[in-house]
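J.: For reference, the structure I am asking about is given below.
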Amino acid sequence: MNLFQMGSKPLGTERITAFLEDNYVSIGYPGIGDLENISKVELRDRMIHTYQYSELELTKHIQAIQLFVHTMQDGDYVLVCDGDWVHLGDLGDYFYNELFDAPDIGTCHRRGVTWLKSLPITDLNAGIKEFLSDSGVVKQYKGPMPSARVDLWITGSSVSEQAVSNRMHVDEETLSMALDILKEALVSENAERRERAAIAILQYAK
């Protein structure tokens with residue numbers, strides 16, 4: 001399972017409404033045909049024949065297309081920004097729709113999407129906010145991913161961030177006093193009290 005970010009303006013035209021209503025995403029690049037079974041060499045030849053990119057631009061666009069067509073897989077996740085909001089979707093397979101392979105439309109290269117939720121960018125965790133701050137045609141998230149419930153993970157703070165935040169509300173003197181009490185409880189004659197104190201100290205140490 002992987003997470004990707006995509007822009008909503010193939011060919012510079014805003015398509016977010018169509019993406020959401022028709023349940024798909026697209027990267028543009030009309031005029032190069034179906035990309036499902038072509039090699040990177042053939043893709044490069046088609047791009048050179050169709051577009052007047054510099055060598056550096058060509059490399060960047062080929063990498064984006066490769067990500068969209070080959071790296072993305074059915075069941076991966078995608079984030080698409082929409083102003084101050086972001087939409088999270090579950091990706092389907094790549095498909096080519098020849099009806100939209102025209103310079104004025106350009107949404108022929110598509111992946112179906114099941115949209116899961118929309119939320120303000122301010123609600124995202126710090127890692128995802130940083131990921132979205134560097135936009136592009138398509139980009140893959142390289143950080144650690146949860147094993148399940150991506151829709152919950154992308155919101156709010158991480159567990160470690162919450163722990164740090166909670167500690168910041170208690171001053172050092174109070175923490176020191178609390179630890180002294182727990183240390184005394186560790187040598188109590190009451191076995192249950194000793195066990196509770198040990199557990200509390202171990203949880204704090206994490």
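The chains in the structure tokens are called A, B, ... from first to last as shown; in each chain the residues are counted from 1, and the ligands are counted from 1 in the order shown.
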Running DSSP on the backbone, which parts of region 10-176 of chain A land in alpha helix (DSSP H), as JSON, numbers by chain?

T.: {"A": [16, 17, 18, 19, 20, 21, 22, 40, 41, 42, 43, 44, 45, 46, 47, 48, 49, 50, 55, 56, 57, 58, 59, 60, 61, 62, 63, 64, 65, 66, 126, 127, 128, 129, 130, 131, 132, 133, 150, 151, 152, 153, 159, 160, 161, 162, 163, 164, 165, 166, 167, 168, 172, 173, 174, 175, 176]}

J.: For Leu11 (chain A), work out the shell of residues within 8 Å, counting only C-alpha atoms and skipping chain neighbours fewer than 3 positions away, then give it as JSON, numbers by chain.

T.: {"A": [28, 29, 106]}

J.: How would the residues just chosen look if you wrote them out with N, CA, C and O atoms as a JSON list (two decimals), in the first residue's frame?

T.:
```json
[["chain", "number", "residue", "atom", "x", "y", "z"],
["A", 28, "GLY", "N", -3.17, 14.07, -17.69],
["A", 28, "GLY", "CA", -3.02, 14.80, -18.95],
["A", 28, "GLY", "C", -2.20, 14.01, -19.96],
["A", 28, "GLY", "O", -2.38, 12.81, -20.12],
["A", 29, "TYR", "N", -1.31, 14.71, -20.68],
["A", 29, "TYR", "CA", -0.45, 14.12, -21.72],
["A", 29, "TYR", "C", -1.24, 13.44, -22.84],
["A", 29, "TYR", "O", -1.06, 12.23, -23.11],
["A", 106, "GLY", "N", -7.63, 16.31, -22.85],
["A", 106, "GLY", "CA", -6.40, 15.77, -22.29],
["A", 106, "GLY", "C", -6.51, 14.93, -21.04],
["A", 106, "GLY", "O", -5.54, 14.81, -20.29]]
```

J.: Any idea what's packed within 12 Å of Ala148 (chain A), counting only C-alpha atoms, ignoring anything in its chain fewer than 6 positions away? Could you give it as a PyMOL selection string?

T.: chain A and resi 1-2+75-77+154

J.: Counting only C-alpha atoms, which residues of region 38-114 of chain A sit at most 8 Å from some atom of region 15-26 of chain A, and what is each one's closest atom pair with its distance in Å to one decimal, listed by chain and rising residue number, as a Markdown table?

T.:
```
| residue | atom | partner | partner_atom | distance |
| --- | --- | --- | --- | --- |
| A:Asp82 | CA | A:Ile16 | CA | 7.1 |
| A:Thr107 | CA | A:Ser26 | CA | 5.5 |
| A:Cys108 | CA | A:Ser26 | CA | 7.2 |
| A:His109 | CA | A:Ser26 | CA | 5.6 |
| A:Arg110 | CA | A:Ser26 | CA | 4.6 |
| A:Arg111 | CA | A:Tyr24 | CA | 5.5 |
| A:Gly112 | CA | A:Tyr24 | CA | 4.2 |
| A:Val113 | CA | A:Tyr24 | CA | 4.8 |
| A:Thr114 | CA | A:Asn23 | CA | 6.2 |
```

J.: Mind writing the picked residues with N, CA and C atoms as a short mmCIF file (atom, residue, chain, number, x, y, z; two decimals), in the first residue's frame?

T.:
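Below is the file that was written, result11.cif:
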```cif
data_model
loop_
_atom_site.label_atom_id
_atom_site.label_comp_id
_atom_site.auth_asym_id
_atom_site.auth_seq_id
_atom_site.Cartn_x
_atom_site.Cartn_y
_atom_site.Cartn_z
N ASP A 82 -7.49 20.81 -3.02
CA ASP A 82 -8.59 21.61 -3.57
C ASP A 82 -8.71 22.88 -2.73
N THR A 107 -7.70 14.35 -20.77
CA THR A 107 -7.82 13.50 -19.59
C THR A 107 -7.97 12.02 -19.97
N CYS A 108 -7.24 11.62 -20.98
CA CYS A 108 -7.37 10.25 -21.51
C CYS A 108 -6.68 9.20 -20.64
N HIS A 109 -5.62 9.59 -19.94
CA HIS A 109 -4.91 8.65 -19.06
C HIS A 109 -5.52 8.76 -17.67
N ARG A 110 -6.20 7.71 -17.23
CA ARG A 110 -7.00 7.80 -16.01
C ARG A 110 -6.78 6.63 -15.06
N ARG A 111 -7.13 6.88 -13.82
CA ARG A 111 -7.31 5.83 -12.83
C ARG A 111 -8.63 6.11 -12.11
N GLY A 112 -9.43 5.07 -11.95
CA GLY A 112 -10.65 5.22 -11.18
C GLY A 112 -10.31 5.48 -9.71
N VAL A 113 -11.18 6.19 -9.02
CA VAL A 113 -10.97 6.51 -7.61
C VAL A 113 -12.28 6.34 -6.84
N THR A 114 -12.19 5.69 -5.69
CA THR A 114 -13.29 5.70 -4.73
C THR A 114 -12.92 6.75 -3.68
#
```

J.: Find the distance between CA of Cys81 (chain A) and CA of Lys142 (chain A) and write it in Å to one decimal.

T.: 18.2 Å

J.: Between A:Gly33, A:Lys60, A:Pro120, A:Phe4, which has the minimum distance to Asp90 (chain A) (counting only C-alpha atoms)?

T.: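 Nearest candidate to Asp90 (chain A) out of A:Gly33, A:Lys60, A:Pro120, A:Phe4: A:Phe4.
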
J.: For Glu36 (chain A), work out the shell of residues within 9 Å, counting only C-alpha atoms and skipping chain neighbours fewer than 6 positions away, then give it as number ranges by chain.

T.: A: 69-70, 94-96

J.: Quick one: DSSP strand (DSSP E or B) residues in region 6-144 of chain A, as a tab-separated table (two decimals) with all heavy atoms, in the first residue's frame?

T.:
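File produced: part-v1.tsv:
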```tsv
chain	number	residue	atom	x	y	z
A	6	MET	N	-1.53	14.04	-6.21
A	6	MET	CA	-1.71	14.43	-7.60
A	6	MET	C	-2.26	15.84	-7.70
A	6	MET	O	-3.03	16.28	-6.84
A	6	MET	CB	-2.67	13.47	-8.31
A	6	MET	CG	-2.07	12.14	-8.67
A	6	MET	SD	-3.10	11.26	-9.87
A	6	MET	CE	-3.07	12.42	-11.25
A	24	TYR	N	-12.52	9.71	-10.83
A	24	TYR	CA	-11.27	9.38	-11.49
A	24	TYR	C	-10.25	10.48	-11.23
A	24	TYR	O	-10.58	11.56	-10.73
A	24	TYR	CB	-11.47	9.20	-13.00
A	24	TYR	CG	-11.61	10.49	-13.78
A	24	TYR	CD1	-10.49	11.06	-14.42
A	24	TYR	CD2	-12.83	11.15	-13.90
A	24	TYR	CE1	-10.61	12.24	-15.14
A	24	TYR	CE2	-12.96	12.32	-14.62
A	24	TYR	CZ	-11.84	12.87	-15.24
A	24	TYR	OH	-11.94	14.04	-15.93
A	25	VAL	N	-8.97	10.20	-11.57
A	25	VAL	CA	-7.92	11.20	-11.64
A	25	VAL	C	-7.19	11.02	-12.96
A	25	VAL	O	-7.21	9.93	-13.54
A	25	VAL	CB	-6.91	11.11	-10.46
A	25	VAL	CG1	-7.54	11.60	-9.17
A	25	VAL	CG2	-6.37	9.69	-10.30
A	26	SER	N	-6.54	12.09	-13.43
A	26	SER	CA	-5.84	12.04	-14.71
A	26	SER	C	-4.61	12.93	-14.65
A	26	SER	O	-4.57	13.91	-13.92
A	26	SER	CB	-6.77	12.51	-15.83
A	26	SER	OG	-6.07	12.56	-17.07
A	77	TYR	N	-3.46	4.73	-2.30
A	77	TYR	CA	-4.23	5.92	-1.93
A	77	TYR	C	-3.68	7.16	-2.63
A	77	TYR	O	-2.49	7.25	-2.92
A	77	TYR	CB	-4.21	6.13	-0.42
A	77	TYR	CG	-4.96	5.06	0.34
A	77	TYR	CD1	-4.32	3.89	0.75
A	77	TYR	CD2	-6.32	5.19	0.62
A	77	TYR	CE1	-5.00	2.90	1.44
A	77	TYR	CE2	-7.02	4.21	1.30
A	77	TYR	CZ	-6.35	3.06	1.71
A	77	TYR	OH	-7.03	2.08	2.37
A	78	VAL	N	-4.58	8.13	-2.87
A	78	VAL	CA	-4.18	9.38	-3.50
A	78	VAL	C	-4.78	10.56	-2.75
A	78	VAL	O	-5.91	10.49	-2.24
A	78	VAL	CB	-4.61	9.42	-4.99
A	78	VAL	CG1	-6.13	9.42	-5.12
A	78	VAL	CG2	-4.00	10.60	-5.70
A	79	LEU	N	-4.00	11.64	-2.66
A	79	LEU	CA	-4.47	12.90	-2.11
A	79	LEU	C	-4.49	13.94	-3.22
A	79	LEU	O	-3.51	14.07	-3.95
A	79	LEU	CB	-3.54	13.37	-0.99
A	79	LEU	CG	-3.56	12.57	0.32
A	79	LEU	CD1	-2.39	12.97	1.20
A	79	LEU	CD2	-4.89	12.77	1.06
A	80	VAL	N	-5.58	14.68	-3.34
A	80	VAL	CA	-5.70	15.75	-4.33
A	80	VAL	C	-6.13	17.02	-3.60
A	80	VAL	O	-7.19	17.04	-2.96
A	80	VAL	CB	-6.72	15.40	-5.44
A	80	VAL	CG1	-6.78	16.54	-6.46
A	80	VAL	CG2	-6.33	14.09	-6.13
A	81	CYS	N	-5.31	18.06	-3.69
A	81	CYS	CA	-5.62	19.32	-3.02
A	81	CYS	C	-6.69	20.09	-3.78
A	81	CYS	O	-6.76	20.05	-5.01
A	81	CYS	CB	-4.36	20.18	-2.88
A	81	CYS	SG	-3.18	19.53	-1.68
A	82	ASP	N	-7.49	20.81	-3.02
A	82	ASP	CA	-8.59	21.61	-3.57
A	82	ASP	C	-8.71	22.88	-2.73
A	82	ASP	O	-9.53	22.95	-1.82
A	82	ASP	CB	-9.88	20.78	-3.53
A	82	ASP	CG	-11.09	21.51	-4.08
A	82	ASP	OD1	-10.91	22.57	-4.71
A	82	ASP	OD2	-12.21	21.01	-3.88
A	85	TRP	N	-8.67	22.59	1.11
A	85	TRP	CA	-9.14	21.23	1.42
A	85	TRP	C	-8.30	20.20	0.66
A	85	TRP	O	-7.61	20.52	-0.30
A	85	TRP	CB	-10.61	21.07	1.03
A	85	TRP	CG	-11.53	21.81	1.96
A	85	TRP	CD1	-11.71	23.17	2.03
A	85	TRP	CD2	-12.38	21.24	2.95
A	85	TRP	NE1	-12.61	23.47	3.01
A	85	TRP	CE2	-13.05	22.31	3.59
A	85	TRP	CE3	-12.64	19.92	3.36
A	85	TRP	CZ2	-13.96	22.11	4.63
A	85	TRP	CZ3	-13.56	19.72	4.38
A	85	TRP	CH2	-14.20	20.80	5.02
A	86	VAL	N	-8.40	18.96	1.13
A	86	VAL	CA	-7.74	17.86	0.43
A	86	VAL	C	-8.70	16.68	0.39
A	86	VAL	O	-9.47	16.46	1.32
A	86	VAL	CB	-6.41	17.48	1.13
A	86	VAL	CG1	-6.66	16.90	2.52
A	86	VAL	CG2	-5.61	16.49	0.29
A	87	HIS	N	-8.67	15.94	-0.73
A	87	HIS	CA	-9.56	14.80	-0.92
A	87	HIS	C	-8.71	13.52	-0.93
A	87	HIS	O	-7.70	13.45	-1.64
A	87	HIS	CB	-10.33	14.92	-2.23
A	87	HIS	CG	-11.05	16.23	-2.36
A	87	HIS	ND1	-12.19	16.54	-1.65
A	87	HIS	CD2	-10.77	17.33	-3.12
A	87	HIS	CE1	-12.59	17.76	-1.97
A	87	HIS	NE2	-11.75	18.26	-2.86
A	88	LEU	N	-9.13	12.53	-0.14
A	88	LEU	CA	-8.43	11.24	-0.06
A	88	LEU	C	-9.23	10.20	-0.81
A	88	LEU	O	-10.44	10.06	-0.60
A	88	LEU	CB	-8.26	10.82	1.40
A	88	LEU	CG	-7.72	9.41	1.63
A	88	LEU	CD1	-6.25	9.31	1.20
A	88	LEU	CD2	-7.86	9.01	3.10
A	89	GLY	N	-8.55	9.46	-1.71
A	89	GLY	CA	-9.24	8.43	-2.49
A	89	GLY	C	-8.47	7.13	-2.56
A	89	GLY	O	-7.25	7.09	-2.39
A	90	ASP	N	-9.20	6.05	-2.80
A	90	ASP	CA	-8.66	4.70	-2.99
A	90	ASP	C	-8.56	4.48	-4.50
A	90	ASP	O	-9.57	4.51	-5.21
A	90	ASP	CB	-9.60	3.69	-2.34
A	90	ASP	CG	-9.08	2.27	-2.38
A	90	ASP	OD1	-8.32	1.94	-3.32
A	90	ASP	OD2	-9.42	1.48	-1.51
A	91	LEU	N	-7.35	4.24	-5.00
A	91	LEU	CA	-7.10	4.16	-6.44
A	91	LEU	C	-7.50	2.82	-7.05
A	91	LEU	O	-7.40	1.77	-6.41
A	91	LEU	CB	-5.62	4.40	-6.72
A	91	LEU	CG	-5.11	5.83	-6.56
A	91	LEU	CD1	-3.60	5.85	-6.43
A	91	LEU	CD2	-5.55	6.69	-7.74
A	92	GLY	N	-7.92	2.90	-8.32
A	92	GLY	CA	-8.16	1.71	-9.12
A	92	GLY	C	-7.07	1.55	-10.18
A	92	GLY	O	-6.04	2.22	-10.13
A	93	ASP	N	-7.31	0.69	-11.16
A	93	ASP	CA	-6.33	0.41	-12.21
A	93	ASP	C	-6.22	1.56	-13.21
A	93	ASP	O	-7.16	2.34	-13.38
A	93	ASP	CB	-6.71	-0.86	-12.97
A	93	ASP	CG	-6.55	-2.11	-12.12
A	93	ASP	OD1	-5.60	-2.15	-11.31
A	93	ASP	OD2	-7.38	-3.03	-12.26
A	94	TYR	N	-5.07	1.62	-13.89
A	94	TYR	CA	-4.89	2.56	-15.00
A	94	TYR	C	-5.75	2.12	-16.18
A	94	TYR	O	-5.87	0.92	-16.47
A	94	TYR	CB	-3.43	2.60	-15.44
A	94	TYR	CG	-3.22	3.25	-16.79
A	94	TYR	CD1	-3.17	4.64	-16.92
A	94	TYR	CD2	-3.10	2.48	-17.95
A	94	TYR	CE1	-3.00	5.24	-18.16
A	94	TYR	CE2	-2.93	3.08	-19.20
A	94	TYR	CZ	-2.87	4.45	-19.30
A	94	TYR	OH	-2.70	5.04	-20.54
A	95	PHE	N	-6.35	3.11	-16.87
A	95	PHE	CA	-7.02	2.81	-18.14
A	95	PHE	C	-6.92	4.02	-19.07
A	95	PHE	O	-6.75	5.16	-18.62
A	95	PHE	CB	-8.47	2.37	-17.94
A	95	PHE	CG	-9.39	3.45	-17.39
A	95	PHE	CD1	-10.20	4.20	-18.24
A	95	PHE	CD2	-9.45	3.70	-16.02
A	95	PHE	CE1	-11.05	5.17	-17.74
A	95	PHE	CE2	-10.31	4.68	-15.51
A	95	PHE	CZ	-11.11	5.43	-16.37
A	96	TYR	N	-7.01	3.73	-20.35
A	96	TYR	CA	-6.90	4.76	-21.39
A	96	TYR	C	-8.26	4.96	-22.04
A	96	TYR	O	-8.89	4.01	-22.49
A	96	TYR	CB	-5.87	4.32	-22.43
A	96	TYR	CG	-5.80	5.17	-23.67
A	96	TYR	CD1	-5.28	6.46	-23.64
A	96	TYR	CD2	-6.24	4.66	-24.90
A	96	TYR	CE1	-5.22	7.23	-24.79
A	96	TYR	CE2	-6.16	5.42	-26.06
A	96	TYR	CZ	-5.65	6.71	-26.00
A	96	TYR	OH	-5.58	7.48	-27.14
A	109	HIS	N	-5.62	9.59	-19.94
A	109	HIS	CA	-4.91	8.65	-19.06
A	109	HIS	C	-5.52	8.76	-17.67
A	109	HIS	O	-5.38	9.78	-17.00
A	109	HIS	CB	-3.42	8.96	-19.03
A	109	HIS	CG	-2.80	9.00	-20.39
A	109	HIS	ND1	-2.69	7.88	-21.19
A	109	HIS	CD2	-2.29	10.03	-21.12
A	109	HIS	CE1	-2.12	8.21	-22.33
A	109	HIS	NE2	-1.87	9.51	-22.31
A	110	ARG	N	-6.20	7.71	-17.23
A	110	ARG	CA	-7.00	7.80	-16.01
A	110	ARG	C	-6.78	6.63	-15.06
A	110	ARG	O	-6.33	5.56	-15.46
A	110	ARG	CB	-8.49	7.85	-16.37
A	110	ARG	CG	-8.89	9.03	-17.25
A	110	ARG	CD	-10.39	9.08	-17.44
A	110	ARG	NE	-10.81	10.27	-18.17
A	110	ARG	CZ	-12.05	10.74	-18.20
A	110	ARG	NH1	-13.01	10.11	-17.55
A	110	ARG	NH2	-12.33	11.84	-18.89
A	111	ARG	N	-7.13	6.88	-13.82
A	111	ARG	CA	-7.31	5.83	-12.83
A	111	ARG	C	-8.63	6.11	-12.11
A	111	ARG	O	-8.90	7.24	-11.72
A	111	ARG	CB	-6.17	5.80	-11.81
A	111	ARG	CG	-4.92	5.08	-12.33
A	111	ARG	CD	-3.85	4.98	-11.26
A	111	ARG	NE	-2.70	4.23	-11.74
A	111	ARG	CZ	-2.56	2.91	-11.67
A	111	ARG	NH1	-3.51	2.19	-11.09
A	111	ARG	NH2	-1.48	2.32	-12.14
A	112	GLY	N	-9.43	5.07	-11.95
A	112	GLY	CA	-10.65	5.22	-11.18
A	112	GLY	C	-10.31	5.48	-9.71
A	112	GLY	O	-9.26	5.05	-9.22
A	113	VAL	N	-11.18	6.19	-9.02
A	113	VAL	CA	-10.97	6.51	-7.61
A	113	VAL	C	-12.28	6.34	-6.84
A	113	VAL	O	-13.33	6.80	-7.28
A	113	VAL	CB	-10.47	7.96	-7.42
A	113	VAL	CG1	-10.28	8.26	-5.93
A	113	VAL	CG2	-9.17	8.20	-8.15
A	114	THR	N	-12.19	5.69	-5.69
A	114	THR	CA	-13.29	5.70	-4.73
A	114	THR	C	-12.92	6.75	-3.68
A	114	THR	O	-11.99	6.55	-2.90
A	114	THR	CB	-13.46	4.33	-4.06
A	114	THR	OG1	-13.74	3.34	-5.06
A	114	THR	CG2	-14.58	4.36	-3.03
A	115	TRP	N	-13.62	7.88	-3.68
A	115	TRP	CA	-13.29	8.95	-2.75
A	115	TRP	C	-13.76	8.58	-1.35
A	115	TRP	O	-14.92	8.20	-1.14
A	115	TRP	CB	-13.93	10.26	-3.21
A	115	TRP	CG	-13.39	10.72	-4.53
A	115	TRP	CD1	-14.03	10.72	-5.73
A	115	TRP	CD2	-12.06	11.21	-4.78
A	115	TRP	NE1	-13.19	11.18	-6.72
A	115	TRP	CE2	-11.98	11.49	-6.17
A	115	TRP	CE3	-10.95	11.45	-3.97
A	115	TRP	CZ2	-10.82	12.00	-6.76
A	115	TRP	CZ3	-9.79	11.95	-4.56
A	115	TRP	CH2	-9.74	12.22	-5.94
A	116	LEU	N	-12.85	8.69	-0.39
A	116	LEU	CA	-13.11	8.25	0.98
A	116	LEU	C	-13.53	9.39	1.90
A	116	LEU	O	-14.44	9.24	2.71
A	116	LEU	CB	-11.87	7.57	1.56
A	116	LEU	CG	-11.36	6.37	0.77
A	116	LEU	CD1	-10.06	5.86	1.38
A	116	LEU	CD2	-12.40	5.25	0.75
A	117	LYS	N	-12.84	10.52	1.80
A	117	LYS	CA	-13.20	11.65	2.66
A	117	LYS	C	-12.53	12.92	2.16
A	117	LYS	O	-11.53	12.87	1.43
A	117	LYS	CB	-12.80	11.39	4.12
A	117	LYS	CG	-11.30	11.34	4.37
A	117	LYS	CD	-10.95	10.83	5.76
A	117	LYS	CE	-11.67	11.58	6.85
A	117	LYS	NZ	-11.33	11.07	8.20
A	118	SER	N	-13.09	14.05	2.56
A	118	SER	CA	-12.52	15.36	2.28
A	118	SER	C	-12.36	16.09	3.61
A	118	SER	O	-13.23	16.00	4.47
A	118	SER	CB	-13.44	16.17	1.36
A	118	SER	OG	-13.66	15.49	0.14
A	119	LEU	N	-11.25	16.79	3.78
A	119	LEU	CA	-11.00	17.45	5.05
A	119	LEU	C	-10.11	18.67	4.86
A	119	LEU	O	-9.37	18.76	3.87
A	119	LEU	CB	-10.39	16.49	6.05
A	119	LEU	CG	-9.03	15.89	5.75
A	119	LEU	CD1	-8.39	15.39	7.03
A	119	LEU	CD2	-9.17	14.69	4.80
A	120	PRO	N	-10.15	19.61	5.79
A	120	PRO	CA	-9.29	20.79	5.69
A	120	PRO	C	-7.82	20.39	5.81
A	120	PRO	O	-7.47	19.49	6.57
A	120	PRO	CB	-9.71	21.65	6.89
A	120	PRO	CG	-11.04	21.12	7.31
A	120	PRO	CD	-11.05	19.66	6.96
A	124	LEU	N	-4.55	17.89	8.80
A	124	LEU	CA	-3.59	16.84	8.45
A	124	LEU	C	-2.45	16.79	9.45
A	124	LEU	O	-2.09	17.80	10.06
A	124	LEU	CB	-3.02	17.07	7.05
A	124	LEU	CG	-4.03	17.15	5.90
A	124	LEU	CD1	-3.30	17.44	4.60
A	124	LEU	CD2	-4.83	15.86	5.79
A	138	VAL	N	2.49	14.34	-10.15
A	138	VAL	CA	2.21	13.20	-9.28
A	138	VAL	C	3.47	12.92	-8.47
A	138	VAL	O	4.58	13.02	-8.98
A	138	VAL	CB	1.77	11.96	-10.09
A	138	VAL	CG1	2.82	11.56	-11.11
A	138	VAL	CG2	1.44	10.79	-9.18
A	139	LYS	N	3.28	12.56	-7.21
A	139	LYS	CA	4.42	12.35	-6.32
A	139	LYS	C	4.06	11.26	-5.32
A	139	LYS	O	2.92	11.16	-4.88
A	139	LYS	CB	4.75	13.66	-5.59
A	139	LYS	CG	6.02	13.62	-4.77
A	139	LYS	CD	6.36	14.98	-4.21
A	139	LYS	CE	5.30	15.47	-3.25
A	139	LYS	NZ	5.70	16.68	-2.50
A	140	GLN	N	5.06	10.44	-4.97
A	140	GLN	CA	4.84	9.35	-4.02
A	140	GLN	C	5.34	9.72	-2.64
A	140	GLN	O	6.43	10.27	-2.48
A	140	GLN	CB	5.55	8.08	-4.50
A	140	GLN	CG	5.30	6.87	-3.61
A	140	GLN	CD	5.93	5.59	-4.17
A	140	GLN	OE1	6.58	5.62	-5.22
A	140	GLN	NE2	5.75	4.49	-3.49
```

J.: Just how far from CA of Glu173 (chain A) is CA of Arg193 (chain A), in Å to one decimal?

T.: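 CA of Glu173 (chain A) lies 23.2 Å from CA of Arg193 (chain A).
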